[in-house]
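Taking it in order: structure first as structure tokens, then the write-up.
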Amino acid sequence: MKRYRILDEIRGVTICSMILYHTVWDLVYIFERKWNWFYSDLAYLWQQSICWCFIFLSGFCFSLGKKKLKRGLFILAAGILVTIVTCLITPSQRIFFGVLTLLGASMVILFFGEKIWNMIPENNVFGKIPSIAAMAVSFFLFLLTKGINNGYLGIGDLYLWKLPKELYQQGDLMTFIGFTREDFYSADYFSLMPWFFLFMTGYFLFHAVKEKGWLSKLSELPSVGHFWGFCGRTSLWIYLIHQPVIYGILCVLN
């Protein structure tokens with residue numbers, strides 16, 4: 001299907017923001033440079049803006065891709081490779097269930113989810129749910145489960161339901177789902193809940209835009225720069241190599 005330049009450019013800006021963030025992270029946590037601002041709410045918002053954009057945009061672009069299952073499995077394999085490499089080279093900063101694992105798993109789940117969804121008769125009530133309503137529900141579920149790693153359901157600082165501790169004592173599979181075991185550590189952790197719901201928010205927004213006939217308007221948006229587009233088109237490879245490159249440069253400079 002058609003590529004939309006603006007989507008590549010947004011992804012490119014985001015990957016460059018991530019590189020800058022990880023550079024600062026390495027300086028603070030690995031090279032022990034003192035920068036109190038990095039522990040502030042603004043730094044947290046910076047980190048969250050990168051996560052939200054990547055995951056939301058991946059969901060939005062899912063239906064634009066070909067060979068969806070193959071793509072999902074490839075990204076899932078890349079996430080597993082990141083886990084293996086970090087465990088061998090930097091075990092103290094190992095990555096289990098990182099963002100690539102999340103995105104790959106989300107693509108695979110959605111691939112089979114679409115197959116099941118397409119089997120529902122058109123006159124079934126579930127087949128009549130508007131995409132905009134499904135998007136709103138997905139985003140609500142994302143907000144509701146945002147605190148699931150910390151043992152509760154709620155929105156922001158509003159605690160609605162404390163979850164049973166037993167759910168958090170069931171091993172790695174439940175940790176990947178979102179019920180994080182107490183002794184779990186990962187330098188980059190994205191469980192299925194809440195993040196799959198953000199992925200689905202992007203997915204349903206795409207279909208809402210498509211149903212309105214607005215996809216063509218994406219091509220009319222002004223370019224923010226060919227450099228960003230290139231970074232966006234090669235974002236997976238940039239992600240895979242950026243940390244070793246950053247670490248190597250910082251080792252030389254320090």
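Order determines the names: the first chain of the structure tokens is A, the second B, and so forth; residues in each chain are numbered 1 upward, and ligands are numbered 1 upward as they are shown.
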Among segment 13-140 of chain A, which residues carry a DSSP assignment of alpha helix (DSSP H), reported as a short mmCIF file (atom, residue, chain, number, x, y, z; two decimals) with C-alpha atoms, in the first residue's frame?
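The result, stored in result_10.cif:
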data_model
loop_
_atom_site.label_atom_id
_atom_site.label_comp_id
_atom_site.auth_asym_id
_atom_site.auth_seq_id
_atom_site.Cartn_x
_atom_site.Cartn_y
_atom_site.Cartn_z
CA VAL A 13 11.64 12.83 14.57
CA THR A 14 10.64 10.38 17.31
CA ILE A 15 13.59 8.03 16.73
CA CYS A 16 16.00 10.98 16.89
CA SER A 17 14.36 12.17 20.11
CA MET A 18 14.83 8.64 21.47
CA ILE A 19 18.54 8.65 20.54
CA LEU A 20 19.02 11.91 22.42
CA TYR A 21 17.08 10.58 25.42
CA HIS A 22 19.09 7.36 25.55
CA THR A 23 22.33 9.33 25.29
CA VAL A 24 21.37 11.27 28.39
CA TRP A 25 20.18 8.06 30.07
CA ASP A 41 8.44 15.36 35.61
CA LEU A 42 9.53 17.09 32.40
CA ALA A 43 12.10 14.39 31.69
CA TYR A 44 9.43 11.77 32.36
CA LEU A 45 7.10 13.50 29.90
CA TRP A 46 9.91 13.48 27.33
CA GLN A 47 10.35 9.75 27.78
CA GLN A 48 6.61 9.12 27.64
CA SER A 49 6.20 11.22 24.49
CA ILE A 50 8.65 8.94 22.70
CA CYS A 51 6.90 5.75 23.88
CA TRP A 52 3.41 7.00 23.12
CA CYS A 53 4.32 8.21 19.66
CA PHE A 54 6.11 5.02 18.61
CA ILE A 55 3.40 2.66 19.82
CA PHE A 56 0.45 4.76 18.66
CA LEU A 57 2.02 5.30 15.24
CA SER A 58 2.81 1.59 14.88
CA GLY A 59 -0.85 0.79 15.47
CA PHE A 60 -1.92 3.48 13.00
CA CYS A 61 0.41 2.12 10.31
CA LYS A 68 1.72 -8.27 8.45
CA LEU A 69 2.44 -11.58 10.17
CA LYS A 70 5.94 -11.79 8.72
CA ARG A 71 6.63 -8.21 9.80
CA GLY A 72 5.34 -8.86 13.29
CA LEU A 73 7.39 -12.02 13.73
CA PHE A 74 10.51 -10.25 12.44
CA ILE A 75 10.13 -7.41 14.94
CA LEU A 76 9.37 -9.91 17.71
CA ALA A 77 12.56 -11.80 16.81
CA ALA A 78 14.49 -8.51 16.86
CA GLY A 79 13.17 -7.88 20.36
CA ILE A 80 14.33 -11.33 21.49
CA LEU A 81 17.74 -10.64 19.94
CA VAL A 82 18.00 -7.42 21.95
CA THR A 83 17.26 -9.42 25.10
CA ILE A 84 19.96 -11.99 24.33
CA VAL A 85 22.59 -9.38 23.44
CA THR A 86 21.95 -7.19 26.50
CA CYS A 87 22.00 -10.21 28.83
CA LEU A 88 25.39 -11.27 27.45
CA ILE A 89 27.05 -7.85 27.12
CA VAL A 99 9.43 -2.05 23.04
CA LEU A 100 10.31 -4.26 20.05
CA THR A 101 8.93 -7.33 21.83
CA LEU A 102 5.74 -5.39 22.56
CA LEU A 103 5.34 -4.12 18.99
CA GLY A 104 6.06 -7.52 17.43
CA ALA A 105 3.67 -9.32 19.79
CA SER A 106 0.99 -6.66 19.20
CA MET A 107 1.27 -7.11 15.43
CA VAL A 108 1.00 -10.89 15.69
CA ILE A 109 -1.99 -10.68 18.05
CA LEU A 110 -3.73 -8.14 15.82
CA PHE A 111 -3.03 -10.19 12.69
CA PHE A 112 -4.93 -13.14 14.13
CA GLY A 113 -7.45 -10.81 15.77
CA GLU A 114 -8.34 -9.40 12.36
CA LYS A 115 -8.84 -12.93 11.02
CA ILE A 116 -11.31 -13.67 13.80
CA TRP A 117 -13.00 -10.26 13.46
CA SER A 131 -14.06 2.74 14.53
CA ILE A 132 -14.15 6.06 16.40
CA ALA A 133 -16.01 4.38 19.30
CA ALA A 134 -13.56 1.46 19.31
CA MET A 135 -10.71 3.99 19.39
CA ALA A 136 -12.24 5.78 22.38
CA VAL A 137 -12.71 2.50 24.26
CA SER A 138 -9.12 1.42 23.49
CA PHE A 139 -7.72 4.72 24.76
CA PHE A 140 -9.87 4.53 27.89
#
Counting only C-alpha atoms, figure out which residue out of A:Leu27, A:Ile238, A:Leu173, A:Ile120 gets nearest to Phe96 of chain A.
A:Leu173
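Backbone DSSP over segment 58-237 of chain A gives strand (DSSP E) for Tyr152, Leu153, Gly154, Ile155, Leu158, Tyr159, Leu160, Trp161 and Lys162 of chain A.
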What gap, in Å, lies between atom CA of Met174 of chain A and atom CA of Phe97 of chain A?
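Spanning atom CA of Met174 of chain A to atom CA of Phe97 of chain A is a straight-line distance of 11.5 Å.
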I'd like the contact shell of Gln170 of chain A - 10 Å cut-off, only C-alpha atoms, skipping same-chain residues fewer than 6 positions apart - returned as a PyMOL selection string.
chain A and resi 179-181
Please provide the set of residues having any atom within 9 Å of Trp195 of chain A, restricted to only C-alpha atoms, with same-chain residues fewer than 2 positions apart removed, written as a PyMOL selection string.
chain A and resi 52+55-56+102+142+145-146+190-193+197-200
Point-to-point distance from atom CA of Leu143 of chain A to atom CA of Leu205 of chain A, Å rounded to tenths
16.4 Å
Counting only C-alpha atoms, what is within 8 Å of Ser219 of chain A, bar same-chain residues fewer than 2 positions away, as an MDAnalysis selection string?
chainID A and resid 4:6 215:217 221
Produce a file of the selected residues containing N, CA, C and O atoms, as a CSV table (one decimal), in the first residue's frame.
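selection_30.csv written:
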chain,number,residue,atom,x,y,z
A,4,TYR,N,3.0,7.1,3.3
A,4,TYR,CA,2.7,8.5,3.5
A,4,TYR,C,3.9,9.2,4.2
A,4,TYR,O,4.3,8.8,5.3
A,5,ARG,N,4.4,10.1,3.5
A,5,ARG,CA,5.7,10.8,3.8
A,5,ARG,C,5.6,11.3,5.3
A,5,ARG,O,6.6,11.1,6.1
A,6,ILE,N,4.5,11.9,5.6
A,6,ILE,CA,4.4,12.6,6.9
A,6,ILE,C,4.5,11.5,8.1
A,6,ILE,O,5.1,11.8,9.1
A,215,LEU,N,-7.7,9.8,4.3
A,215,LEU,CA,-6.3,9.4,4.2
A,215,LEU,C,-5.6,10.2,3.1
A,215,LEU,O,-4.4,10.5,3.3
A,216,SER,N,-6.2,10.6,2.1
A,216,SER,CA,-5.6,11.4,1.0
A,216,SER,C,-5.0,12.7,1.6
A,216,SER,O,-4.1,13.3,1.0
A,217,LYS,N,-5.6,13.2,2.6
A,217,LYS,CA,-5.2,14.5,3.2
A,217,LYS,C,-3.8,14.4,3.8
A,217,LYS,O,-3.1,15.4,4.0
A,221,LEU,N,-0.2,17.1,3.6
A,221,LEU,CA,0.5,17.8,4.7
A,221,LEU,C,1.9,18.2,4.3
A,221,LEU,O,2.6,17.4,3.6
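Separating atom CA of Ala208 of chain A from atom CA of Ile129 of chain A is a distance of 11.1 Å.
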Write out as a PyMOL selection string the residues lying within 10 Å of segment 31-35 of chain A, counting only C-alpha atoms and excluding same-chain residues fewer than 3 positions away.
chain A and resi 24-28+38-40+247+250-251+254
